[in-house]
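Student: My structure is in data-v3.cif, and what it holds is mmCIF, C-alpha atoms:
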```cif
data_model
#
loop_
_atom_site.label_atom_id
_atom_site.label_comp_id
_atom_site.auth_asym_id
_atom_site.auth_seq_id
_atom_site.Cartn_x
_atom_site.Cartn_y
_atom_site.Cartn_z
CA MET A 1 -23.76 1.46 -13.50
CA ARG A 2 -23.64 3.02 -16.99
CA ARG A 3 -23.46 6.54 -15.55
CA TYR A 4 -20.84 5.55 -12.99
CA THR A 5 -18.72 3.95 -15.72
CA ALA A 6 -19.12 7.01 -17.94
CA MET A 7 -18.03 9.20 -15.04
CA TRP A 8 -14.83 7.19 -14.61
CA GLN A 9 -14.10 7.36 -18.33
CA HIS A 10 -14.51 11.14 -18.17
CA VAL A 11 -12.15 11.36 -15.17
CA ALA A 12 -9.56 9.11 -16.84
CA ARG A 13 -9.67 11.15 -20.03
CA ARG A 14 -9.12 14.33 -18.02
CA PHE A 15 -6.17 12.99 -15.99
CA SER A 16 -4.57 10.57 -18.44
CA ARG A 17 -1.66 12.92 -19.15
CA VAL A 18 -1.15 14.29 -15.64
CA PRO A 19 2.13 12.80 -14.34
CA ALA A 20 1.18 13.31 -10.68
CA VAL A 21 -1.73 10.86 -11.02
CA LEU A 22 -0.62 7.27 -10.48
CA GLY A 23 -4.01 5.66 -11.03
CA TYR A 24 -7.67 5.32 -10.12
CA ASP A 25 -9.31 3.60 -7.14
CA LEU A 26 -12.66 2.61 -8.63
CA MET A 27 -14.87 2.52 -5.51
CA ASN A 28 -14.20 3.09 -1.83
CA GLU A 29 -15.19 0.09 0.29
CA PRO A 30 -17.86 -1.53 -1.93
CA PHE A 31 -20.90 -2.80 -0.02
CA GLY A 32 -23.49 -5.17 -1.39
CA GLY A 33 -26.36 -4.29 0.93
CA THR A 34 -28.52 -7.39 1.24
CA ARG A 35 -26.14 -9.33 -1.05
CA GLN A 36 -22.80 -10.13 0.53
CA PHE A 37 -19.61 -12.14 -0.02
CA GLY A 38 -19.88 -14.63 -2.89
CA PHE A 39 -23.37 -13.44 -3.75
CA PHE A 40 -22.03 -9.91 -4.33
CA GLU A 41 -18.33 -9.99 -5.18
CA GLY A 42 -18.46 -12.64 -7.88
CA PRO A 43 -21.62 -11.92 -9.90
CA THR A 44 -21.85 -8.16 -9.27
CA LEU A 45 -18.65 -6.46 -8.10
CA THR A 46 -16.21 -8.24 -10.43
CA PRO A 47 -18.05 -7.41 -13.69
CA PHE A 48 -18.67 -3.91 -12.30
CA HIS A 49 -14.91 -3.38 -11.95
CA GLN A 50 -14.28 -5.01 -15.32
CA GLY A 51 -16.65 -2.70 -17.17
CA ILE A 52 -14.98 0.37 -15.69
CA VAL A 53 -11.49 -0.90 -16.54
CA ASN A 54 -12.57 -1.51 -20.13
CA ALA A 55 -13.98 2.03 -20.37
CA ILE A 56 -10.87 3.61 -18.81
CA ARG A 57 -8.56 1.82 -21.22
CA LYS A 58 -10.31 3.45 -24.18
CA VAL A 59 -8.96 6.82 -23.01
CA ASP A 60 -6.02 6.02 -20.73
CA GLY A 61 -3.65 3.19 -21.49
CA GLY A 62 -0.99 3.89 -18.90
CA SER A 63 -2.42 4.57 -15.44
CA TRP A 64 -2.83 1.93 -12.77
CA VAL A 65 -6.30 0.85 -11.68
CA PHE A 66 -6.96 -0.10 -8.05
CA VAL A 67 -9.78 -2.52 -7.28
CA GLU A 68 -11.11 -3.23 -3.81
CA PRO A 69 -12.95 -6.25 -2.45
CA GLN A 70 -16.11 -5.63 -0.48
CA ALA A 71 -15.56 -3.87 2.83
CA LEU A 72 -17.48 -6.20 5.15
CA GLY A 73 -15.27 -9.15 5.97
CA PRO A 74 -12.09 -8.50 3.98
CA ASN A 75 -11.46 -5.30 5.98
CA GLU A 76 -11.17 -7.61 8.99
CA GLY A 77 -9.16 -10.27 7.19
CA ALA A 78 -11.86 -12.58 5.85
CA GLU A 79 -11.42 -14.20 2.44
CA THR A 80 -12.65 -12.35 -0.64
CA SER A 81 -14.59 -13.83 -3.56
CA LEU A 82 -13.60 -11.01 -5.92
CA GLY A 83 -12.78 -12.48 -9.32
CA THR A 84 -9.93 -11.65 -11.67
CA VAL A 85 -10.22 -8.25 -13.33
CA ARG A 86 -8.44 -8.34 -16.68
CA ASP A 87 -6.59 -5.41 -18.20
CA PRO A 88 -6.86 -5.03 -22.01
CA ARG A 89 -3.89 -2.63 -22.26
CA PRO A 90 -1.33 -3.84 -24.86
CA GLY A 91 1.67 -3.24 -22.61
CA GLY A 92 0.54 -5.67 -19.93
CA PRO A 93 -1.79 -5.41 -16.94
CA ARG A 94 -1.75 -2.54 -14.48
CA ILE A 95 -4.37 -3.71 -12.00
CA VAL A 96 -3.75 -3.53 -8.24
CA LEU A 97 -5.70 -5.28 -5.49
CA ALA A 98 -6.18 -2.60 -2.81
CA PRO A 99 -7.95 -4.02 0.27
CA HIS A 100 -8.39 -1.95 3.42
CA PHE A 101 -7.50 -3.07 6.95
CA TYR A 102 -9.85 -2.10 9.76
CA PRO A 103 -9.96 -4.78 12.47
CA GLY A 104 -13.24 -4.66 14.35
CA GLY A 105 -11.57 -4.29 17.73
CA VAL A 106 -9.79 -1.01 16.95
CA ASP A 107 -12.03 0.67 14.39
CA LEU A 108 -14.30 3.53 15.43
CA GLY A 109 -13.15 4.13 18.98
CA GLY A 110 -11.80 0.71 19.97
CA SER A 111 -8.57 -0.18 21.73
CA TYR A 112 -5.56 -2.40 21.21
CA ASP A 113 -5.00 -3.90 24.62
CA GLY A 114 -6.16 -6.85 26.70
CA VAL A 115 -8.69 -9.19 25.09
CA ALA A 116 -9.31 -6.68 22.27
CA LYS A 117 -5.64 -6.91 21.28
CA MET A 118 -5.82 -10.70 21.14
CA LEU A 119 -8.85 -10.53 18.84
CA VAL A 120 -7.23 -7.94 16.58
CA GLN A 121 -4.03 -9.96 16.34
CA ALA A 122 -6.11 -12.86 15.05
CA GLN A 123 -7.42 -10.54 12.34
CA PHE A 124 -3.84 -9.56 11.51
CA THR A 125 -3.11 -13.23 10.91
CA LEU A 126 -6.16 -13.67 8.69
CA TRP A 127 -5.46 -10.55 6.64
CA LYS A 128 -1.82 -11.52 6.08
CA ARG A 129 -2.97 -14.92 4.81
CA ASN A 130 -6.08 -14.09 2.81
CA MET A 131 -5.28 -10.81 1.06
CA PRO A 132 -1.94 -11.90 -0.46
CA ALA A 133 -3.59 -15.18 -1.47
CA ALA A 134 -6.28 -13.21 -3.31
CA ALA A 135 -3.64 -11.09 -5.06
CA ARG A 136 -1.82 -14.23 -6.21
CA ARG A 137 -5.07 -15.73 -7.45
CA MET A 138 -5.89 -12.54 -9.36
CA ASN A 139 -2.26 -12.20 -10.56
CA THR A 140 -1.98 -8.61 -9.34
CA PRO A 141 0.31 -6.64 -7.04
CA MET A 142 -1.23 -5.58 -3.73
CA TRP A 143 -1.50 -2.26 -1.94
CA LEU A 144 -2.89 -1.59 1.55
CA GLY A 145 -5.43 0.92 0.31
CA GLU A 146 -6.48 2.37 3.66
CA VAL A 147 -5.63 1.84 7.33
CA GLY A 148 -5.88 3.80 10.57
CA GLY A 149 -9.02 4.65 12.49
CA MET A 150 -7.65 5.04 16.03
CA GLY A 151 -7.29 8.19 18.10
CA GLN A 152 -3.81 8.88 19.44
CA ASP A 153 -5.09 8.64 23.01
CA ALA A 154 -6.75 5.24 22.51
CA PRO A 155 -5.10 2.43 24.49
CA GLY A 156 -2.50 0.72 22.32
CA ALA A 157 -2.64 3.21 19.43
CA ALA A 158 1.14 3.31 19.04
CA ASP A 159 1.44 -0.48 19.20
CA PHE A 160 -1.31 -1.00 16.63
CA THR A 161 0.31 1.47 14.26
CA GLY A 162 3.68 -0.19 14.67
CA ASP A 163 2.19 -3.63 14.09
CA TRP A 164 0.40 -2.75 10.85
CA LEU A 165 3.50 -0.96 9.60
CA SER A 166 5.49 -4.11 10.33
CA MET A 167 2.86 -6.18 8.52
CA ALA A 168 3.18 -4.00 5.43
CA ASP A 169 6.96 -4.34 5.58
CA GLU A 170 6.70 -8.10 5.96
CA LEU A 171 4.43 -8.33 2.91
CA GLY A 172 6.53 -5.86 0.91
CA ILE A 173 3.58 -3.59 0.12
CA GLY A 174 2.84 0.13 0.23
CA TRP A 175 0.01 1.69 2.22
CA ALA A 176 -2.24 4.74 2.51
CA TYR A 177 -3.09 6.13 5.95
CA TRP A 178 -6.61 7.40 6.67
CA SER A 179 -5.76 10.80 8.11
CA ASN A 180 -8.83 12.58 9.49
CA ASP A 181 -7.27 16.02 9.94
CA PRO A 182 -7.29 17.95 12.10
CA GLY A 183 -7.92 15.60 14.99
CA SER A 184 -6.52 12.87 17.18
CA SER A 185 -6.72 10.19 14.46
CA GLY A 186 -4.92 12.33 11.88
CA VAL A 187 -1.34 13.51 11.62
CA THR A 188 -2.11 17.01 12.93
CA ASP A 189 -4.30 18.02 15.84
CA GLY A 190 -6.65 20.98 16.10
CA GLU A 191 -3.71 23.31 16.78
CA GLY A 192 -1.76 22.12 13.74
CA ARG A 193 0.74 20.20 15.87
CA PRO A 194 2.04 16.77 14.80
CA THR A 195 0.25 13.90 16.49
CA LEU A 196 1.61 10.55 17.58
CA PHE A 197 0.83 9.20 14.10
CA ALA A 198 2.85 11.87 12.31
CA LYS A 199 5.90 10.79 14.30
CA LEU A 200 5.31 7.08 13.70
CA LEU A 201 4.54 7.32 9.99
CA ALA A 202 7.38 9.66 8.99
CA ARG A 203 10.00 6.94 8.97
CA PRO A 204 12.62 5.72 6.47
CA TYR A 205 11.45 3.52 3.61
CA PRO A 206 12.66 2.18 0.25
CA ARG A 207 10.86 4.29 -2.36
CA ALA A 208 12.27 2.37 -5.34
CA VAL A 209 14.03 -1.00 -5.42
CA ALA A 210 16.37 -2.11 -8.22
CA GLY A 211 15.21 -5.72 -8.15
CA THR A 212 12.87 -7.79 -5.99
CA LEU A 213 12.40 -6.60 -2.41
CA THR A 214 12.81 -9.49 0.04
CA ASN A 215 12.98 -7.86 3.47
CA VAL A 216 12.55 -4.52 5.26
CA VAL A 217 13.32 -4.03 8.95
CA HIS A 218 12.99 -0.88 11.07
CA SER A 219 14.67 -0.65 14.47
CA SER A 220 15.33 2.52 16.51
CA GLY A 221 15.65 4.76 13.49
CA THR A 222 17.75 2.26 11.52
CA LEU A 223 16.47 0.83 8.23
CA THR A 224 17.69 -2.47 6.77
CA VAL A 225 16.65 -3.31 3.20
CA THR A 226 17.33 -6.58 1.39
CA TRP A 227 16.64 -7.25 -2.29
CA ARG A 228 17.75 -9.62 -5.01
CA ASN A 229 18.63 -8.90 -8.62
CA LYS A 230 15.94 -9.14 -11.26
CA PRO A 231 16.68 -9.51 -14.99
CA GLY A 232 16.15 -6.30 -16.93
CA VAL A 233 16.17 -4.04 -13.87
CA SER A 234 18.87 -1.38 -13.62
CA GLY A 235 19.51 1.85 -11.79
CA PRO A 236 19.82 2.53 -8.06
CA THR A 237 17.70 1.52 -5.11
CA GLU A 238 16.31 4.72 -3.56
CA ILE A 239 15.70 5.13 0.16
CA TRP A 240 13.98 8.05 1.85
CA PHE A 241 15.78 8.98 5.06
CA PRO A 242 15.08 11.94 7.37
CA SER A 243 18.73 12.92 7.98
CA THR A 244 22.18 12.49 6.48
CA PRO A 245 22.71 8.72 6.67
CA LYS A 246 25.53 6.31 7.32
CA VAL A 247 25.39 3.33 4.94
CA ALA A 248 26.73 -0.21 5.15
CA SER A 249 26.31 -2.95 2.56
CA THR A 250 26.92 -6.68 2.34
CA ASP A 251 28.32 -6.18 -1.18
CA PRO A 252 32.11 -6.47 -1.52
CA ASP A 253 34.05 -3.29 -0.81
CA GLY A 254 34.55 -1.15 -3.88
CA THR A 255 31.70 -2.74 -5.85
CA TRP A 256 28.89 -0.46 -4.70
CA ARG A 257 28.36 3.27 -4.30
CA THR A 258 25.84 5.77 -2.95
CA SER A 259 24.62 9.30 -3.56
CA TRP A 260 22.77 11.49 -1.06
CA ASP A 261 20.23 14.12 -2.16
CA ALA A 262 19.84 16.34 0.92
CA THR A 263 17.02 18.37 -0.65
CA ARG A 264 14.77 15.37 -1.21
CA HIS A 265 16.22 13.25 1.62
CA VAL A 266 16.79 10.44 -0.89
CA LEU A 267 19.70 8.02 -0.70
CA SER A 268 20.55 6.26 -3.97
CA VAL A 269 22.42 2.95 -3.77
CA TRP A 270 24.03 1.33 -6.82
CA ALA A 271 24.61 -2.31 -5.90
CA ASP A 272 27.18 -4.75 -7.23
CA ALA A 273 25.74 -6.26 -10.41
CA GLY A 274 27.71 -9.46 -9.82
CA THR A 275 26.21 -10.11 -6.40
CA PRO A 276 22.77 -11.81 -6.57
CA SER A 277 21.42 -10.45 -3.26
CA HIS A 278 22.06 -7.21 -1.39
CA THR A 279 21.46 -5.96 2.14
CA VAL A 280 21.91 -2.29 2.96
CA LYS A 281 21.79 -0.91 6.50
CA VAL A 282 21.09 2.80 6.86
CA THR A 283 21.59 4.58 10.17
CA PRO A 284 21.39 8.24 11.29
#
```
Re-express the file's structure as structure tokens.
Tutor:
Amino acid sequence: MRRYTAMWQHVARRFSRVPAVLGYDLMNEPFGGTRQFGFFEGPTLTPFHQGIVNAIRKVDGGSWVFVEPQALGPNEGAETSLGTVRDPRPGGPRIVLAPHFYPGGVDLGGSYDGVAKMLVQAQFTLWKRNMPAAARRMNTPMWLGEVGGMGQDAPGAADFTGDWLSMADELGIGWAYWSNDPGSSGVTDGEGRPTLFAKLLARPYPRAVAGTLTNVVHSSGTLTVTWRNKPGVSGPTEIWFPSTPKVASTDPDGTWRTSWDATRHVLSVWADAGTPSHTVKVTP
């Protein structure tokens, strides 16, 4: 543990001033071996994370730190016993709970149809309940740290991808796709051609929200984003869109404006400061 902690401190010192680095994910899918769940996450994994955070903060006071629960169980939606990891940085905590999502029915060659789909949907329900509850208990934001694991030719691959994307939208969280490239579970195949997943994942999304995000809906290439004002937050809401968009807003006419950056495919929306909640609909 001492050497692992020293390694992370060395990495954090090296990358502390690199603007492209958002933060550090301390360990991929921790596994307790013969000690699992409450016997591992509470007495072992939590202080393990805490020691690394303390060491990182001695050399890097700005980057985010991502902590994962154990893989067995939480990956399928089970509750986690991971305790609160505290951040000693003076400017306030920058700790993120980053659980993975790999339902047993679709991971490693499974399918998303028939009885298997019913079982996986139950794990969707558990994950949506238990992971946000853990983030609230730990007082951290949440990030879907890894998801994927199906080949594009597996039964139900498109439906599974659409369902976990919708889950992330519903929870208002970001995600990282496990792209095993080249190959059928990645975004490019052996010939360098886009796979099914490349087409499904390259979709519009709000990359920055000037307030509190309350709803995101995708439908046939159209993106609808709803947010409410938050004290102290200014600037535009930014939306990535693949083509020149048409924009409609629920704000009163003449109180809002937009700007389109064709190079970056980024739409900026300045909402009406006097309206408490905003809904913007973006279409091709």
Student: Please list as a ChimeraX atom specification every residue within 8 Å of Thr212 in chain A, counting all atoms listed in the file and excluding residues in the same chain fewer than 5 positions away.
Tutor: /A:227-230
Student: Which one of A:Arg57, A:Lys246, A:His218, A:Arg13 sits closest to Thr258 in chain A if you count only C-alpha atoms?
Tutor: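 Checking each of A:Arg57, A:Lys246, A:His218, A:Arg13 against Thr258 in chain A, counting only C-alpha atoms, the winner is A:Lys246.
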Student: Suppose a student applies the PyMOL selection byres ((chain A and resi 60-63) around 7) to this structure; what residues should they get, written as a list in words?
Tutor: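 When the PyMOL selection byres ((chain A and resi 60-63) around 7) is applied to the shown file, the picked residues are Ala12, Arg13, Ser16, Leu22, Gly23, Ile56, Arg57, Lys58, Val59, Trp64, Val65 and Arg89 of chain A.
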Student: Pull out every residue that the PyMOL selection byres ((chain A and resi 124-127) around 9) matches in the shown coordinates and put them as a PyMOL selection string.
Tutor: chain A and resi 74-79+101+103+119-123+128-132+163-164+167
Student: Which residues would end up in the selection if the PyMOL selection byres ((chain A and resi 232) around 12) were applied here, given that I need the answer as a ChimeraX atom specification?
Tutor: /A:210-212,229-231,233-235,273
Student: Find, counting all atoms listed in the file, the residue in A:Val209, A:Val18, A:Ala157, A:Leu72 that gets nearest to Gly172 in chain A.
Tutor: A:Val209
Student: Between CA of Arg94 in chain A and CA of Glu68 in chain A, what is the distance, to one decimal in Å?
Tutor: 14.2 Å
Student: Between A:His278, A:His100, A:Arg137, A:Arg14, which residue has the minimum interatomic distance to Glu29 in chain A, considering only C-alpha atoms?
Tutor: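 Smallest distance to Glu29 in chain A is found for A:His100.
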Student: Might you pull out every residue within 12 Å of Arg86 in chain A, with all atoms listed in the file counted and same-chain residues fewer than 4 positions away left off, and present them as a PDB file with C-alpha atoms, in the frame of the given file?
Tutor:
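The new file part_30.pdb reads:
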```
ATOM      1  CA  THR A  46     -16.210  -8.240 -10.430  1.00  0.00           C
ATOM      2  CA  PRO A  47     -18.050  -7.410 -13.690  1.00  0.00           C
ATOM      3  CA  PHE A  48     -18.670  -3.910 -12.300  1.00  0.00           C
ATOM      4  CA  HIS A  49     -14.910  -3.380 -11.950  1.00  0.00           C
ATOM      5  CA  GLN A  50     -14.280  -5.010 -15.320  1.00  0.00           C
ATOM      6  CA  GLY A  51     -16.650  -2.700 -17.170  1.00  0.00           C
ATOM      7  CA  ILE A  52     -14.980   0.370 -15.690  1.00  0.00           C
ATOM      8  CA  VAL A  53     -11.490  -0.900 -16.540  1.00  0.00           C
ATOM      9  CA  ASN A  54     -12.570  -1.510 -20.130  1.00  0.00           C
ATOM     10  CA  ARG A  57      -8.560   1.820 -21.220  1.00  0.00           C
ATOM     11  CA  VAL A  65      -6.300   0.850 -11.680  1.00  0.00           C
ATOM     12  CA  VAL A  67      -9.780  -2.520  -7.280  1.00  0.00           C
ATOM     13  CA  PRO A  90      -1.330  -3.840 -24.860  1.00  0.00           C
ATOM     14  CA  GLY A  92       0.540  -5.670 -19.930  1.00  0.00           C
ATOM     15  CA  PRO A  93      -1.790  -5.410 -16.940  1.00  0.00           C
ATOM     16  CA  ARG A  94      -1.750  -2.540 -14.480  1.00  0.00           C
ATOM     17  CA  ILE A  95      -4.370  -3.710 -12.000  1.00  0.00           C
ATOM     18  CA  VAL A  96      -3.750  -3.530  -8.240  1.00  0.00           C
ATOM     19  CA  LEU A  97      -5.700  -5.280  -5.490  1.00  0.00           C
ATOM     20  CA  MET A 138      -5.890 -12.540  -9.360  1.00  0.00           C
ATOM     21  CA  ASN A 139      -2.260 -12.200 -10.560  1.00  0.00           C
ATOM     22  CA  THR A 140      -1.980  -8.610  -9.340  1.00  0.00           C
TER      23      THR A 140
END
```
Student: Calculate how many Å separate CA of Pro252 in chain A from CA of Ser219 in chain A, rounding to one decimal.
Tutor: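 Separation between CA of Pro252 in chain A and CA of Ser219 in chain A: 24.4 Å.
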Student: Kindly give the distance, in Å, that separates CA of Val280 in chain A and CA of Thr224 in chain A, rounded to a single decimal.
Tutor: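 Interatomic distance here is 5.7 Å.
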Student: So, counting all atoms listed in the file, which residue among A:Ala271, A:Val225, A:Met7, A:Ile173 is closest to Leu144 in chain A?
Tutor: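 Ranking A:Ala271, A:Val225, A:Met7, A:Ile173 by distance to Leu144 in chain A, first place goes to A:Ile173.
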Student: How about completing range 39-63 of chain A with N, CA and C atoms and giving it to me as a PDB file, keeping the file's coordinate frame?
Tutor:
```
ATOM      1  N   PHE A  39     -22.161 -13.852  -3.045  1.00  0.00           N
ATOM      2  CA  PHE A  39     -23.370 -13.440  -3.750  1.00  0.00           C
ATOM      3  C   PHE A  39     -23.234 -12.029  -4.343  1.00  0.00           C
ATOM      4  N   PHE A  40     -22.241 -11.284  -3.875  1.00  0.00           N
ATOM      5  CA  PHE A  40     -22.030  -9.910  -4.330  1.00  0.00           C
ATOM      6  C   PHE A  40     -20.737  -9.762  -5.132  1.00  0.00           C
ATOM      7  N   GLU A  41     -19.626 -10.242  -4.561  1.00  0.00           N
ATOM      8  CA  GLU A  41     -18.330  -9.990  -5.180  1.00  0.00           C
ATOM      9  C   GLU A  41     -18.177 -10.678  -6.533  1.00  0.00           C
ATOM     10  N   GLY A  42     -18.621 -11.912  -6.637  1.00  0.00           N
ATOM     11  CA  GLY A  42     -18.460 -12.640  -7.880  1.00  0.00           C
ATOM     12  C   GLY A  42     -19.384 -12.164  -8.996  1.00  0.00           C
ATOM     13  N   PRO A  43     -20.700 -12.258  -8.807  1.00  0.00           N
ATOM     14  CA  PRO A  43     -21.620 -11.920  -9.900  1.00  0.00           C
ATOM     15  C   PRO A  43     -21.845 -10.436 -10.126  1.00  0.00           C
ATOM     16  N   THR A  44     -21.533  -9.587  -9.144  1.00  0.00           N
ATOM     17  CA  THR A  44     -21.850  -8.160  -9.270  1.00  0.00           C
ATOM     18  C   THR A  44     -20.608  -7.276  -9.284  1.00  0.00           C
ATOM     19  N   LEU A  45     -19.772  -7.388  -8.241  1.00  0.00           N
ATOM     20  CA  LEU A  45     -18.650  -6.460  -8.100  1.00  0.00           C
ATOM     21  C   LEU A  45     -17.569  -6.698  -9.158  1.00  0.00           C
ATOM     22  N   THR A  46     -17.262  -7.959  -9.450  1.00  0.00           N
ATOM     23  CA  THR A  46     -16.210  -8.240 -10.430  1.00  0.00           C
ATOM     24  C   THR A  46     -16.550  -7.696 -11.815  1.00  0.00           C
ATOM     25  N   PRO A  47     -17.734  -7.999 -12.382  1.00  0.00           N
ATOM     26  CA  PRO A  47     -18.050  -7.410 -13.690  1.00  0.00           C
ATOM     27  C   PRO A  47     -18.209  -5.888 -13.639  1.00  0.00           C
ATOM     28  N   PHE A  48     -18.601  -5.370 -12.478  1.00  0.00           N
ATOM     29  CA  PHE A  48     -18.670  -3.910 -12.300  1.00  0.00           C
ATOM     30  C   PHE A  48     -17.283  -3.297 -12.481  1.00  0.00           C
ATOM     31  N   HIS A  49     -16.282  -3.851 -11.777  1.00  0.00           N
ATOM     32  CA  HIS A  49     -14.910  -3.380 -11.950  1.00  0.00           C
ATOM     33  C   HIS A  49     -14.451  -3.556 -13.397  1.00  0.00           C
ATOM     34  N   GLN A  50     -14.759  -4.708 -13.980  1.00  0.00           N
ATOM     35  CA  GLN A  50     -14.280  -5.010 -15.320  1.00  0.00           C
ATOM     36  C   GLN A  50     -14.801  -4.008 -16.342  1.00  0.00           C
ATOM     37  N   GLY A  51     -16.060  -3.659 -16.236  1.00  0.00           N
ATOM     38  CA  GLY A  51     -16.650  -2.700 -17.170  1.00  0.00           C
ATOM     39  C   GLY A  51     -15.989  -1.343 -17.082  1.00  0.00           C
ATOM     40  N   ILE A  52     -15.631  -0.931 -15.860  1.00  0.00           N
ATOM     41  CA  ILE A  52     -14.980   0.370 -15.690  1.00  0.00           C
ATOM     42  C   ILE A  52     -13.562   0.329 -16.256  1.00  0.00           C
ATOM     43  N   VAL A  53     -12.849  -0.770 -15.999  1.00  0.00           N
ATOM     44  CA  VAL A  53     -11.490  -0.900 -16.540  1.00  0.00           C
ATOM     45  C   VAL A  53     -11.525  -0.825 -18.067  1.00  0.00           C
ATOM     46  N   ASN A  54     -12.463  -1.530 -18.671  1.00  0.00           N
ATOM     47  CA  ASN A  54     -12.570  -1.510 -20.130  1.00  0.00           C
ATOM     48  C   ASN A  54     -12.818  -0.090 -20.648  1.00  0.00           C
ATOM     49  N   ALA A  55     -13.668   0.658 -19.946  1.00  0.00           N
ATOM     50  CA  ALA A  55     -13.980   2.030 -20.370  1.00  0.00           C
ATOM     51  C   ALA A  55     -12.773   2.940 -20.175  1.00  0.00           C
ATOM     52  N   ILE A  56     -12.041   2.783 -19.064  1.00  0.00           N
ATOM     53  CA  ILE A  56     -10.870   3.610 -18.810  1.00  0.00           C
ATOM     54  C   ILE A  56      -9.804   3.381 -19.870  1.00  0.00           C
ATOM     55  N   ARG A  57      -9.621   2.125 -20.265  1.00  0.00           N
ATOM     56  CA  ARG A  57      -8.560   1.820 -21.220  1.00  0.00           C
ATOM     57  C   ARG A  57      -8.822   2.393 -22.613  1.00  0.00           C
ATOM     58  N   LYS A  58     -10.023   2.802 -22.899  1.00  0.00           N
ATOM     59  CA  LYS A  58     -10.310   3.450 -24.180  1.00  0.00           C
ATOM     60  C   LYS A  58      -9.749   4.872 -24.237  1.00  0.00           C
ATOM     61  N   VAL A  59      -9.459   5.438 -23.046  1.00  0.00           N
ATOM     62  CA  VAL A  59      -8.960   6.820 -23.010  1.00  0.00           C
ATOM     63  C   VAL A  59      -7.645   6.967 -22.266  1.00  0.00           C
ATOM     64  N   ASP A  60      -7.252   5.962 -21.515  1.00  0.00           N
ATOM     65  CA  ASP A  60      -6.020   6.020 -20.730  1.00  0.00           C
ATOM     66  C   ASP A  60      -5.392   4.635 -20.709  1.00  0.00           C
ATOM     67  N   GLY A  61      -4.279   4.487 -21.411  1.00  0.00           N
ATOM     68  CA  GLY A  61      -3.650   3.190 -21.490  1.00  0.00           C
ATOM     69  C   GLY A  61      -2.481   2.992 -20.558  1.00  0.00           C
ATOM     70  N   GLY A  62      -2.193   3.992 -19.714  1.00  0.00           N
ATOM     71  CA  GLY A  62      -0.990   3.890 -18.900  1.00  0.00           C
ATOM     72  C   GLY A  62      -1.199   3.848 -17.400  1.00  0.00           C
ATOM     73  N   SER A  63      -2.250   4.459 -16.892  1.00  0.00           N
ATOM     74  CA  SER A  63      -2.420   4.570 -15.440  1.00  0.00           C
ATOM     75  C   SER A  63      -2.786   3.238 -14.806  1.00  0.00           C
TER      76      SER A  63
END
```
